[in-house]
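See below for start39.tsv, which holds TSV, C-alpha atoms.
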```tsv
chain	number	residue	atom	x	y	z
Y	91	MET	CA	-8.53	54.49	-25.70
Y	92	LYS	CA	-5.56	52.94	-23.85
Y	93	LYS	CA	-3.11	54.88	-26.03
Y	94	LEU	CA	-4.70	58.23	-25.12
Y	95	ALA	CA	-3.50	60.27	-22.13
Y	96	LEU	CA	-5.80	60.07	-19.11
Y	97	HIS	CA	-7.12	63.63	-19.43
Y	98	TRP	CA	-8.16	62.96	-23.05
Y	99	GLN	CA	-9.93	59.77	-21.99
Y	100	ILE	CA	-11.84	61.67	-19.30
Y	101	LEU	CA	-12.68	64.50	-21.70
Y	102	LEU	CA	-14.02	62.06	-24.29
Y	103	GLY	CA	-16.09	60.37	-21.59
Y	104	MET	CA	-17.61	63.74	-20.66
Y	105	VAL	CA	-18.39	64.68	-24.28
Y	106	PHE	CA	-19.92	61.31	-25.13
Y	107	GLY	CA	-21.95	61.39	-21.90
Y	108	VAL	CA	-23.49	64.75	-22.83
Y	109	LEU	CA	-24.20	63.69	-26.43
Y	110	PHE	CA	-25.65	60.36	-25.32
Y	111	ALA	CA	-28.01	62.08	-22.87
Y	112	PHE	CA	-29.10	64.74	-25.38
Y	113	ILE	CA	-30.05	62.00	-27.86
Y	114	LEU	CA	-31.91	59.86	-25.33
Y	115	ILE	CA	-33.93	62.66	-23.69
Y	116	GLN	CA	-35.57	63.29	-27.07
Y	117	PHE	CA	-37.57	60.13	-26.36
Y	118	THR	CA	-40.18	59.91	-23.59
Y	119	TRP	CA	-38.42	56.91	-22.05
Y	120	GLY	CA	-34.90	58.36	-22.39
Y	121	LYS	CA	-34.62	60.12	-19.03
Y	122	GLU	CA	-35.84	57.05	-17.15
Y	123	VAL	CA	-33.26	54.84	-18.89
Y	124	ILE	CA	-30.42	57.21	-17.98
Y	125	VAL	CA	-31.51	57.58	-14.35
Y	126	ASP	CA	-32.09	53.83	-13.83
Y	127	TRP	CA	-29.32	52.28	-15.94
Y	128	VAL	CA	-26.56	54.86	-16.49
Y	129	LYS	CA	-26.49	57.14	-13.42
Y	130	PRO	CA	-25.72	54.24	-10.99
Y	131	PHE	CA	-22.31	53.76	-12.65
Y	132	GLY	CA	-21.50	57.42	-11.95
Y	133	THR	CA	-22.53	56.93	-8.33
Y	134	ILE	CA	-20.32	53.83	-8.09
Y	135	PHE	CA	-17.36	55.82	-9.46
Y	136	ILE	CA	-17.81	58.61	-6.89
Y	137	ASN	CA	-18.17	56.01	-4.13
Y	138	LEU	CA	-14.90	54.37	-5.23
Y	139	LEU	CA	-13.10	57.71	-4.97
Y	140	LYS	CA	-14.67	58.51	-1.60
Y	141	LEU	CA	-13.79	55.00	-0.43
Y	142	ILE	CA	-10.08	55.81	-0.31
Y	143	ALA	CA	-10.31	59.48	0.75
Y	144	VAL	CA	-9.92	58.88	4.51
Y	145	PRO	CA	-7.25	56.13	4.19
Y	146	LEU	CA	-5.33	58.37	1.78
Y	147	ILE	CA	-5.37	61.36	4.12
Y	148	LEU	CA	-4.28	59.24	7.09
Y	149	ALA	CA	-1.51	57.46	5.20
Y	150	SER	CA	-0.19	60.44	3.24
Y	151	LEU	CA	-0.25	62.96	6.11
Y	152	ILE	CA	1.34	60.61	8.64
Y	153	LYS	CA	3.98	59.59	6.09
Y	154	GLY	CA	4.57	63.18	5.00
Y	155	ILE	CA	4.98	64.55	8.52
Y	156	SER	CA	7.13	61.66	9.75
Y	157	ASP	CA	9.41	62.11	6.70
Y	158	LEU	CA	10.21	65.67	7.85
Y	159	LYS	CA	12.13	64.36	10.90
Y	160	ASP	CA	12.25	67.94	12.21
Y	161	ILE	CA	9.34	69.72	13.90
Y	162	SER	CA	10.61	73.14	12.73
Y	163	LYS	CA	10.12	72.10	9.08
Y	164	LEU	CA	6.49	71.29	9.83
Y	165	SER	CA	5.95	74.68	11.43
Y	166	LYS	CA	7.48	76.50	8.45
Y	167	MET	CA	5.50	74.52	5.87
Y	168	GLY	CA	2.24	74.76	7.82
Y	169	GLY	CA	2.45	78.54	8.23
Y	170	ARG	CA	3.13	79.10	4.54
Y	171	THR	CA	0.39	76.68	3.46
Y	172	ILE	CA	-2.39	78.18	5.58
Y	173	GLY	CA	-1.24	81.74	4.84
Y	174	LEU	CA	-1.37	81.14	1.07
Y	175	TYR	CA	-4.76	79.43	1.30
Y	176	ILE	CA	-6.29	82.36	3.22
Y	177	LEU	CA	-4.70	84.92	0.87
Y	178	THR	CA	-6.05	83.26	-2.29
Y	179	THR	CA	-9.49	82.89	-0.70
Y	180	VAL	CA	-9.69	86.60	0.17
Y	181	LEU	CA	-8.57	87.45	-3.39
Y	182	ALA	CA	-11.26	85.15	-4.84
Y	183	VAL	CA	-14.06	86.70	-2.75
Y	184	SER	CA	-12.90	90.22	-3.66
Y	185	ILE	CA	-12.83	89.36	-7.38
Y	186	GLY	CA	-16.34	87.94	-7.09
Y	187	LEU	CA	-17.69	91.11	-5.48
Y	188	VAL	CA	-16.07	93.37	-8.09
Y	189	ILE	CA	-17.42	91.34	-11.02
Y	190	VAL	CA	-20.97	91.02	-9.65
Y	191	ASN	CA	-21.15	94.77	-8.95
Y	192	ILE	CA	-20.00	95.57	-12.49
Y	193	ILE	CA	-22.27	93.11	-14.36
Y	194	LYS	CA	-25.27	93.37	-11.97
Y	195	PRO	CA	-26.82	90.02	-13.01
Y	196	GLY	CA	-29.69	90.47	-10.54
Y	197	SER	CA	-31.12	93.24	-12.68
Y	198	TYR	CA	-31.80	90.70	-15.47
Y	199	ILE	CA	-34.27	88.70	-13.32
Y	200	SER	CA	-37.88	89.61	-14.08
Y	201	GLU	CA	-40.62	89.48	-11.46
Y	202	GLN	CA	-42.25	86.54	-13.26
Y	203	THR	CA	-39.02	84.52	-13.40
Y	204	ARG	CA	-38.29	85.28	-9.75
Y	205	THR	CA	-41.74	84.02	-8.73
Y	206	GLU	CA	-41.33	80.88	-10.87
Y	207	LEU	CA	-37.92	80.04	-9.40
Y	208	VAL	CA	-39.03	80.61	-5.80
Y	209	ALA	CA	-42.09	78.42	-6.34
Y	210	SER	CA	-40.02	75.62	-7.92
Y	211	TYR	CA	-37.18	75.48	-5.41
Y	212	THR	CA	-38.61	76.65	-2.09
Y	213	ALA	CA	-38.54	73.13	-0.62
Y	214	ASP	CA	-34.84	72.70	-1.50
Y	215	ALA	CA	-34.04	76.15	-0.12
Y	216	ASN	CA	-35.85	75.43	3.15
Y	217	SER	CA	-33.83	72.25	3.74
Y	218	LYS	CA	-30.54	74.18	3.33
Y	219	ILE	CA	-31.79	77.00	5.57
Y	220	GLU	CA	-32.73	74.48	8.27
Y	221	ALA	CA	-29.28	72.88	8.10
Y	222	ALA	CA	-27.60	76.29	8.35
Y	223	ASN	CA	-29.81	77.34	11.28
Y	224	LYS	CA	-28.69	74.29	13.25
Y	225	GLN	CA	-25.08	75.27	12.56
Y	226	SER	CA	-25.60	78.90	13.60
Y	227	GLU	CA	-27.26	77.96	16.91
Y	228	VAL	CA	-24.02	76.59	18.36
Y	229	GLY	CA	-21.47	78.65	20.31
Y	230	PRO	CA	-18.76	80.84	18.70
Y	231	LEU	CA	-16.00	78.28	19.38
Y	232	GLN	CA	-17.98	75.24	18.19
Y	233	SER	CA	-16.01	75.12	14.93
Y	234	LEU	CA	-12.82	74.81	17.00
Y	235	ILE	CA	-14.36	72.03	19.09
Y	236	ASP	CA	-15.45	70.21	15.93
Y	237	ILE	CA	-11.83	69.92	14.75
Y	238	VAL	CA	-10.89	67.69	17.71
Y	239	PRO	CA	-12.50	64.22	17.45
Y	240	ASP	CA	-13.62	62.31	20.51
Y	241	ASN	CA	-13.42	59.05	18.57
Y	242	ILE	CA	-11.10	58.70	15.58
Y	243	ILE	CA	-12.89	55.56	14.36
Y	244	LYS	CA	-16.21	57.43	14.26
Y	245	ALA	CA	-14.56	60.46	12.60
Y	246	SER	CA	-13.01	58.24	9.94
Y	247	ALA	CA	-16.42	56.76	9.14
Y	248	ASP	CA	-17.70	60.03	7.62
Y	249	ASN	CA	-16.03	61.94	4.76
Y	250	GLY	CA	-17.60	65.11	6.17
Y	251	ASN	CA	-15.20	64.92	9.15
Y	252	MET	CA	-11.99	65.42	7.14
Y	253	LEU	CA	-10.66	68.11	9.51
Y	254	GLN	CA	-10.90	65.68	12.43
Y	255	VAL	CA	-9.01	63.02	10.48
Y	256	ILE	CA	-6.36	65.60	9.51
Y	257	PHE	CA	-6.04	66.71	13.16
Y	258	PHE	CA	-5.44	63.11	14.29
Y	259	ALA	CA	-2.95	62.45	11.47
Y	260	VAL	CA	-0.96	65.62	12.27
Y	261	ILE	CA	-0.76	64.78	16.00
Y	262	PHE	CA	0.15	61.18	15.18
Y	263	GLY	CA	2.89	62.28	12.76
Y	264	ILE	CA	4.32	64.80	15.26
Y	265	ALA	CA	4.44	62.10	17.95
Y	266	MET	CA	6.41	59.87	15.56
Y	267	ILE	CA	8.94	62.66	14.94
Y	268	LEU	CA	9.44	63.20	18.68
Y	269	LEU	CA	10.07	59.50	19.39
Y	270	PRO	CA	13.51	57.91	18.91
Y	271	GLU	CA	13.75	56.57	15.36
Y	272	ASP	CA	14.15	52.93	16.43
Y	273	LYS	CA	10.84	53.14	18.31
Y	274	SER	CA	8.80	54.67	15.48
Y	275	LYS	CA	10.42	52.84	12.53
Y	276	PRO	CA	8.04	49.82	12.46
Y	277	VAL	CA	5.00	52.13	12.37
Y	278	LYS	CA	6.64	54.37	9.77
Y	279	ASP	CA	7.40	51.37	7.55
Y	280	PHE	CA	3.76	50.31	7.86
Y	281	PHE	CA	2.40	53.71	6.80
Y	282	ASP	CA	4.95	54.00	3.95
Y	283	SER	CA	3.71	50.66	2.57
Y	284	PHE	CA	0.08	51.55	3.31
Y	285	ASN	CA	0.49	54.77	1.33
Y	286	GLU	CA	1.95	52.90	-1.65
Y	287	ILE	CA	-0.99	50.46	-1.62
Y	288	ILE	CA	-3.51	53.33	-1.59
Y	289	LEU	CA	-1.72	54.96	-4.53
Y	290	LYS	CA	-1.93	51.69	-6.46
Y	291	MET	CA	-5.66	51.53	-5.66
Y	292	ILE	CA	-5.98	54.99	-7.21
Y	293	ASP	CA	-4.37	53.69	-10.41
Y	294	LEU	CA	-6.91	50.85	-10.54
Y	295	ILE	CA	-9.90	53.13	-9.89
Y	296	MET	CA	-8.77	55.60	-12.55
Y	297	LEU	CA	-9.05	52.87	-15.19
Y	298	PHE	CA	-12.82	53.25	-14.69
Y	299	SER	CA	-12.78	57.08	-14.78
Y	300	PRO	CA	-13.80	57.65	-18.45
Y	301	PHE	CA	-16.89	55.48	-17.94
Y	302	GLY	CA	-17.63	57.06	-14.56
Y	303	VAL	CA	-17.62	60.62	-15.91
Y	304	PHE	CA	-19.68	59.46	-18.93
Y	305	ALA	CA	-22.40	58.32	-16.52
Y	306	LEU	CA	-22.16	61.42	-14.33
Y	307	LEU	CA	-22.48	63.90	-17.22
Y	308	ALA	CA	-25.30	61.94	-18.84
Y	309	ALA	CA	-27.27	62.02	-15.57
Y	310	ILE	CA	-26.72	65.77	-15.12
Y	311	VAL	CA	-28.06	66.50	-18.61
Y	312	ALA	CA	-31.06	64.21	-18.12
Y	313	GLU	CA	-32.00	65.72	-14.75
Y	314	SER	CA	-31.46	69.39	-15.67
Y	315	PRO	CA	-34.35	71.84	-15.23
Y	316	SER	CA	-36.05	73.48	-18.21
Y	317	LEU	CA	-33.98	75.54	-20.64
Y	318	ASP	CA	-36.02	78.67	-19.90
Y	319	LEU	CA	-34.78	78.74	-16.31
Y	320	PHE	CA	-31.17	78.43	-17.46
Y	321	LYS	CA	-31.67	81.35	-19.85
Y	322	ALA	CA	-33.02	83.49	-17.02
Y	323	LEU	CA	-29.99	82.65	-14.89
Y	324	GLY	CA	-27.49	82.95	-17.73
Y	325	MET	CA	-26.06	86.31	-16.61
Y	326	TYR	CA	-25.62	85.05	-13.05
Y	327	GLY	CA	-23.82	81.93	-14.29
Y	328	LEU	CA	-21.70	84.01	-16.66
Y	329	THR	CA	-20.69	86.31	-13.78
Y	330	VAL	CA	-19.55	83.35	-11.64
Y	331	ILE	CA	-17.64	81.79	-14.55
Y	332	ILE	CA	-15.85	85.07	-15.42
Y	333	GLY	CA	-14.79	85.36	-11.77
Y	334	LEU	CA	-13.58	81.74	-11.71
Y	335	ILE	CA	-11.55	82.26	-14.90
Y	336	LEU	CA	-9.88	85.32	-13.36
Y	337	VAL	CA	-9.00	83.29	-10.25
Y	338	MET	CA	-7.52	80.56	-12.46
Y	339	CYS	CA	-5.41	83.23	-14.22
Y	340	ILE	CA	-4.12	84.39	-10.81
Y	341	TYR	CA	-3.04	80.80	-10.05
Y	342	LEU	CA	-1.11	80.65	-13.32
Y	343	VAL	CA	0.63	83.95	-12.52
Y	344	LEU	CA	1.50	82.76	-8.99
Y	345	VAL	CA	2.92	79.48	-10.35
Y	346	LYS	CA	4.97	81.37	-12.95
Y	347	VAL	CA	6.31	83.98	-10.50
Y	348	PHE	CA	6.88	81.91	-7.36
Y	349	ALA	CA	7.25	78.30	-8.57
Y	350	LYS	CA	9.10	79.29	-11.78
Y	351	LYS	CA	7.02	76.91	-13.90
Y	352	SER	CA	5.14	77.75	-17.10
Y	353	PRO	CA	1.32	77.88	-17.13
Y	354	ARG	CA	1.31	75.23	-19.88
Y	355	PHE	CA	3.37	72.86	-17.74
Y	356	PHE	CA	1.01	73.40	-14.81
Y	357	ILE	CA	-2.22	72.88	-16.81
Y	358	ASN	CA	-0.89	69.79	-18.60
Y	359	GLY	CA	0.12	68.28	-15.28
Y	360	ILE	CA	-3.09	68.93	-13.34
Y	361	SER	CA	-5.72	68.64	-16.13
Y	362	PRO	CA	-6.93	65.08	-15.30
Y	363	ALA	CA	-7.64	66.18	-11.72
Y	364	GLN	CA	-9.42	69.29	-13.03
Y	365	LEU	CA	-11.64	67.22	-15.32
Y	366	LEU	CA	-12.40	64.78	-12.53
Y	367	ALA	CA	-13.26	67.66	-10.17
Y	368	PHE	CA	-15.58	69.04	-12.85
Y	369	SER	CA	-17.31	65.66	-13.18
Y	370	THR	CA	-17.68	64.81	-9.49
Y	371	SER	CA	-18.11	68.30	-7.90
Y	372	SER	CA	-16.09	67.01	-4.94
Y	373	SER	CA	-12.60	68.07	-3.85
Y	374	ALA	CA	-12.45	65.09	-1.48
Y	375	ALA	CA	-13.33	62.59	-4.20
Y	376	THR	CA	-10.72	64.17	-6.51
Y	377	LEU	CA	-7.98	64.28	-3.84
Y	378	PRO	CA	-6.35	60.93	-4.74
Y	379	VAL	CA	-5.89	62.01	-8.36
Y	380	THR	CA	-4.79	65.54	-7.36
Y	381	MET	CA	-2.03	64.05	-5.18
Y	382	GLU	CA	-0.89	61.63	-7.85
Y	383	ARG	CA	-0.72	64.30	-10.59
Y	384	THR	CA	0.96	66.86	-8.31
Y	385	VAL	CA	3.73	64.46	-7.30
Y	386	ASP	CA	4.25	62.59	-10.59
Y	387	ASN	CA	3.61	65.37	-13.12
Y	388	LEU	CA	4.19	68.71	-11.35
Y	389	GLY	CA	7.34	67.69	-9.51
Y	390	VAL	CA	6.14	68.39	-5.96
Y	391	ASP	CA	7.95	66.31	-3.36
Y	392	ASP	CA	5.76	63.64	-1.79
Y	393	GLU	CA	6.23	64.96	1.76
Y	394	VAL	CA	4.98	68.43	0.71
Y	395	ALA	CA	2.02	67.12	-1.32
Y	396	SER	CA	1.07	64.75	1.50
Y	397	PHE	CA	0.80	67.70	3.89
Y	398	VAL	CA	-0.49	70.56	1.70
Y	399	LEU	CA	-3.13	68.84	-0.46
Y	400	PRO	CA	-5.26	67.07	2.19
Y	401	ILE	CA	-5.46	70.34	4.14
Y	402	GLY	CA	-6.29	72.22	0.92
Y	403	ALA	CA	-9.12	69.82	0.05
Y	404	THR	CA	-10.70	70.76	3.38
Y	405	ILE	CA	-10.01	74.46	3.96
Y	406	ASN	CA	-9.07	75.91	0.54
Y	407	MET	CA	-12.34	76.61	-1.30
Y	408	ASP	CA	-11.51	79.62	-3.48
Y	409	GLY	CA	-14.10	78.77	-6.13
Y	410	THR	CA	-16.75	78.18	-3.47
Y	411	SER	CA	-16.02	81.46	-1.67
Y	412	LEU	CA	-16.17	83.44	-4.94
Y	413	TYR	CA	-19.49	81.79	-5.78
Y	414	GLN	CA	-20.88	82.66	-2.33
Y	415	ALA	CA	-19.97	86.33	-2.77
Y	416	VAL	CA	-21.50	86.52	-6.25
Y	417	ALA	CA	-24.62	84.58	-5.20
Y	418	ALA	CA	-25.22	86.78	-2.14
Y	419	VAL	CA	-25.04	90.03	-4.13
Y	420	PHE	CA	-27.04	88.52	-7.01
Y	421	ILE	CA	-29.88	87.55	-4.65
Y	422	ALA	CA	-29.78	91.04	-3.07
Y	423	GLN	CA	-29.95	92.64	-6.53
Y	424	SER	CA	-32.85	90.37	-7.49
Y	425	PHE	CA	-34.82	91.63	-4.47
Y	426	GLY	CA	-33.88	95.26	-5.21
Y	427	MET	CA	-31.56	95.58	-2.21
Y	428	ASP	CA	-28.57	97.95	-2.28
Y	429	LEU	CA	-25.67	96.53	-0.23
Y	430	SER	CA	-23.37	99.03	1.47
Y	431	LEU	CA	-19.56	98.83	1.32
Y	432	ALA	CA	-19.47	97.73	4.97
Y	433	THR	CA	-21.91	94.90	4.24
Y	434	GLN	CA	-19.84	93.73	1.27
Y	435	LEU	CA	-16.66	93.84	3.34
Y	436	GLY	CA	-18.53	91.67	5.85
Y	437	ILE	CA	-19.29	89.24	3.02
Y	438	ILE	CA	-15.52	88.93	2.35
Y	439	VAL	CA	-14.86	87.93	5.96
Y	440	THR	CA	-17.88	85.62	6.26
Y	441	ALA	CA	-17.37	83.94	2.88
Y	442	THR	CA	-13.69	83.33	3.69
Y	443	LEU	CA	-14.52	81.71	7.02
Y	444	ALA	CA	-17.49	79.82	5.56
Y	445	SER	CA	-15.36	78.37	2.75
Y	446	ILE	CA	-12.93	77.01	5.35
Y	447	GLY	CA	-15.84	75.31	7.10
Y	448	SER	CA	-17.35	73.83	3.92
Y	449	ALA	CA	-17.18	70.07	3.55
Y	450	ALA	CA	-15.33	68.93	0.43
Y	451	VAL	CA	-18.47	67.27	-1.00
Y	452	PRO	CA	-21.07	68.30	-3.62
Y	453	GLY	CA	-23.57	70.94	-2.49
Y	454	ALA	CA	-21.89	71.81	0.84
Y	455	GLY	CA	-21.25	75.38	-0.32
Y	456	MET	CA	-25.00	75.96	-0.56
Y	457	VAL	CA	-25.45	75.39	3.18
Y	458	MET	CA	-22.60	77.77	3.98
Y	459	LEU	CA	-24.14	80.36	1.64
Y	460	VAL	CA	-27.12	80.62	4.01
Y	461	ILE	CA	-24.74	81.85	6.72
Y	462	VAL	CA	-23.29	84.45	4.32
Y	463	LEU	CA	-26.81	85.64	3.42
Y	464	ALA	CA	-27.82	85.92	7.06
Y	465	GLN	CA	-24.74	87.96	7.92
Y	466	ALA	CA	-25.50	90.40	5.09
Y	467	GLY	CA	-29.19	90.67	5.95
Y	468	ILE	CA	-30.27	89.15	2.62
Y	469	PRO	CA	-33.47	87.00	2.60
Y	470	GLU	CA	-32.45	83.34	2.79
Y	471	ALA	CA	-35.50	82.42	0.70
Y	472	GLY	CA	-33.62	83.93	-2.24
Y	473	LEU	CA	-31.58	80.73	-2.23
Y	474	ALA	CA	-34.36	79.29	-4.38
Y	475	LEU	CA	-33.34	81.67	-7.19
Y	476	ILE	CA	-30.03	79.89	-7.84
Y	477	PHE	CA	-30.87	76.21	-7.30
Y	478	ALA	CA	-31.64	75.58	-10.97
Y	479	ILE	CA	-28.10	76.35	-12.09
Y	480	ASP	CA	-26.22	75.36	-8.94
Y	481	ARG	CA	-24.95	71.95	-10.09
Y	482	PRO	CA	-23.17	73.17	-13.27
Y	483	LEU	CA	-21.59	76.02	-11.28
Y	484	ASP	CA	-20.66	73.58	-8.50
Y	485	MET	CA	-18.71	71.60	-11.10
Y	486	CYS	CA	-16.87	74.75	-12.22
Y	487	ARG	CA	-16.03	76.04	-8.74
Y	488	THR	CA	-14.77	72.60	-7.61
Y	489	THR	CA	-12.39	72.64	-10.57
Y	490	VAL	CA	-11.01	75.97	-9.32
Y	491	ASN	CA	-10.74	74.63	-5.74
Y	492	VAL	CA	-8.62	71.68	-6.89
Y	493	THR	CA	-6.47	73.89	-9.15
Y	494	GLY	CA	-5.79	76.21	-6.21
Y	495	ASP	CA	-4.68	73.28	-4.05
Y	496	ALA	CA	-2.17	72.18	-6.70
Y	497	ALA	CA	-0.86	75.72	-7.28
Y	498	VAL	CA	-0.26	76.31	-3.55
Y	499	SER	CA	1.47	72.94	-3.20
Y	500	MET	CA	3.92	73.93	-5.97
Y	501	ILE	CA	4.62	77.34	-4.39
Y	502	VAL	CA	5.16	75.83	-0.92
Y	503	ALA	CA	7.38	73.09	-2.39
Y	504	LYS	CA	9.48	75.70	-4.20
Y	505	SER	CA	9.84	77.76	-0.99
Y	506	VAL	CA	11.30	74.75	0.87
Y	507	ASN	CA	13.40	73.49	-2.09
Y	508	LYS	CA	11.19	70.46	-2.64
Y	509	LEU	CA	10.09	71.15	-6.24
Y	510	ALA	CA	11.74	69.20	-9.05
```
Would you mind writing the structure in this file as structure tokens?
Amino acid sequence: MKKLALHWQILLGMVFGVLFAFILIQFTWGKEVIVDWVKPFGTIFINLLKLIAVPLILASLIKGISDLKDISKLSKMGGRTIGLYILTTVLAVSIGLVIVNIIKPGSYISEQTRTELVASYTADANSKIEAANKQSEVGPLQSLIDIVPDNIIKASADNGNMLQVIFFAVIFGIAMILLPEDKSKPVKDFFDSFNEIILKMIDLIMLFSPFGVFALLAAIVAESPSLDLFKALGMYGLTVIIGLILVMCIYLVLVKVFAKKSPRFFINGISPAQLLAFSTSSSAATLPVTMERTVDNLGVDDEVASFVLPIGATINMDGTSLYQAVAAVFIAQSFGMDLSLATQLGIIVTATLASIGSAAVPGAGMVMLVIVLAQAGIPEAGLALIFAIDRPLDMCRTTVNVTGDAAVSMIVAKSVNKLA
């Protein structure tokens, strides 16, 4: 195993995890063994990755911004980064709407299957609706207020507050640039060393990754709903996956045209992060590996990666936004609703904004989907129709999210002459 490249180790872990689970669930005691004795190791692996997410963002962003030494460079890089993230998100939502209107997966849902799904997943749907209702009750500028922390220690204690941590790190880095170098040098030296230590911690954690993804995939197979439900939702899942593949192709074209790198070079460089994103369904958990691969294997300068990738893990959710567009129209089709062009244009805007507000953790996109459904006038109870297949699709769309982050970091690095 040690002689294999990391992405092959992770891939083998995934394959063996699936095979192991399929064999064990043939026995009556198999599922219980996996849940009690295998799944905990997957949870430990995700916790290890989450453990260093906040320290990594603080260290890498502060180091990256302070390395710029010029506030105008930050402004140029920030504008290009956010502009590219918004552009790719709008493209992803638009692709999702085109595909779902062509395939019409909602027409494949029978009345019986719809009733069965709603009955099985109503409780889960209600919990997401309740969470979304609390979010929608706040004022129009609440999302802006939520970016600014009132206590950085409290914000750092929750991985769901990544934007607040990023805000603090950006302000801190800017303050270091504006100070005379002799005043800020001791702090800069500290964060440079701190960043190196965090990167070494990533290396240590990744030694466990093949076993972690083995446990994660085995648990997913063991806890999956019945095969009949997956068959009923097959066209919906296929629609989402086709859309995600098209978005991935757009990334490869963008990298080829603007970063002047071949698609093969890009995929080979980022594949371990993609496989990890697929296993964990979390952009935040995958961020340490995404940064390492982008700097060491894709040639992005550390100061660019340190700025672009943490922001991307929080606001760039192309896969999630595409899924929200497809899911909203699918649910409408399942209930026999015909969405107007104006309503679907509204979905583009809402899904784009909702993806920016999604936490970079598993299942967060489902809560934001409720807001998209409400805007389009689609019954939120229809959320129950897609719960059965949400986890596998969450794995796929997180892979696209992480790939988008890496692609944008290469394009931004090329634009500022920081790409090897």
Here is a test: counting all atoms listed in the file, which residue of Y:Thr488, Y:Ser165, Y:Thr205, Y:Thr133 is nearest to Val303 (chain Y)? Y:Thr133
For region 373-383 of chain Y, please output as a CSV table (one decimal) with C-alpha atoms, in the coordinates of the input all residues within 10 Å (counting all atoms listed in the file; exclusion window: fewer than 6 positions along the same chain).
```csv
chain,number,residue,atom,x,y,z
Y,135,PHE,CA,-17.4,55.8,-9.5
Y,136,ILE,CA,-17.8,58.6,-6.9
Y,137,ASN,CA,-18.2,56.0,-4.1
Y,138,LEU,CA,-14.9,54.4,-5.2
Y,139,LEU,CA,-13.1,57.7,-5.0
Y,140,LYS,CA,-14.7,58.5,-1.6
Y,141,LEU,CA,-13.8,55.0,-0.4
Y,142,ILE,CA,-10.1,55.8,-0.3
Y,143,ALA,CA,-10.3,59.5,0.8
Y,144,VAL,CA,-9.9,58.9,4.5
Y,146,LEU,CA,-5.3,58.4,1.8
Y,147,ILE,CA,-5.4,61.4,4.1
Y,150,SER,CA,-0.2,60.4,3.2
Y,249,ASN,CA,-16.0,61.9,4.8
Y,250,GLY,CA,-17.6,65.1,6.2
Y,252,MET,CA,-12.0,65.4,7.1
Y,288,ILE,CA,-3.5,53.3,-1.6
Y,289,LEU,CA,-1.7,55.0,-4.5
Y,291,MET,CA,-5.7,51.5,-5.7
Y,292,ILE,CA,-6.0,55.0,-7.2
Y,293,ASP,CA,-4.4,53.7,-10.4
Y,295,ILE,CA,-9.9,53.1,-9.9
Y,296,MET,CA,-8.8,55.6,-12.6
Y,358,ASN,CA,-0.9,69.8,-18.6
Y,359,GLY,CA,0.1,68.3,-15.3
Y,360,ILE,CA,-3.1,68.9,-13.3
Y,361,SER,CA,-5.7,68.6,-16.1
Y,362,PRO,CA,-6.9,65.1,-15.3
Y,363,ALA,CA,-7.6,66.2,-11.7
Y,364,GLN,CA,-9.4,69.3,-13.0
Y,365,LEU,CA,-11.6,67.2,-15.3
Y,366,LEU,CA,-12.4,64.8,-12.5
Y,367,ALA,CA,-13.3,67.7,-10.2
Y,389,GLY,CA,7.3,67.7,-9.5
Y,390,VAL,CA,6.1,68.4,-6.0
Y,392,ASP,CA,5.8,63.6,-1.8
Y,395,ALA,CA,2.0,67.1,-1.3
Y,396,SER,CA,1.1,64.8,1.5
Y,398,VAL,CA,-0.5,70.6,1.7
Y,399,LEU,CA,-3.1,68.8,-0.5
Y,400,PRO,CA,-5.3,67.1,2.2
Y,402,GLY,CA,-6.3,72.2,0.9
Y,403,ALA,CA,-9.1,69.8,0.0
Y,404,THR,CA,-10.7,70.8,3.4
Y,406,ASN,CA,-9.1,75.9,0.5
Y,407,MET,CA,-12.3,76.6,-1.3
Y,449,ALA,CA,-17.2,70.1,3.6
Y,450,ALA,CA,-15.3,68.9,0.4
Y,451,VAL,CA,-18.5,67.3,-1.0
Y,452,PRO,CA,-21.1,68.3,-3.6
Y,487,ARG,CA,-16.0,76.0,-8.7
Y,488,THR,CA,-14.8,72.6,-7.6
Y,489,THR,CA,-12.4,72.6,-10.6
Y,490,VAL,CA,-11.0,76.0,-9.3
Y,491,ASN,CA,-10.7,74.6,-5.7
Y,492,VAL,CA,-8.6,71.7,-6.9
Y,493,THR,CA,-6.5,73.9,-9.2
Y,495,ASP,CA,-4.7,73.3,-4.0
Y,496,ALA,CA,-2.2,72.2,-6.7
Y,499,SER,CA,1.5,72.9,-3.2
```
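Closest approach to Asp236 (chain Y) among Y:Phe106, Y:Asp391, Y:Phe257, Y:Phe262: Y:Phe257, based on all atoms listed in the file.
Our summary of the geometry notes that CA of Leu268 (chain Y) is positioned 17.4 Å from CA of Gly168 (chain Y).
What separates CA of Val460 (chain Y) from CA of Leu473 (chain Y) is a distance of 7.7 Å.
A straight line drawn from CA of Val277 (chain Y) to CA of Ala265 (chain Y) is 11.4 Å long.
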Spatial neighbours of Ile237 (chain Y), max dist 6 Å, only C-alpha atoms, sep filter under 3 positions, as a PyMOL selection string: chain Y and resi 234+253-254
Selection export as a CSV table (one decimal), keeping the file's coordinate frame, atoms kept: C-alpha atoms:
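File result37.csv, as written:
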```csv
chain,number,residue,atom,x,y,z
Y,234,LEU,CA,-12.8,74.8,17.0
Y,253,LEU,CA,-10.7,68.1,9.5
Y,254,GLN,CA,-10.9,65.7,12.4
```
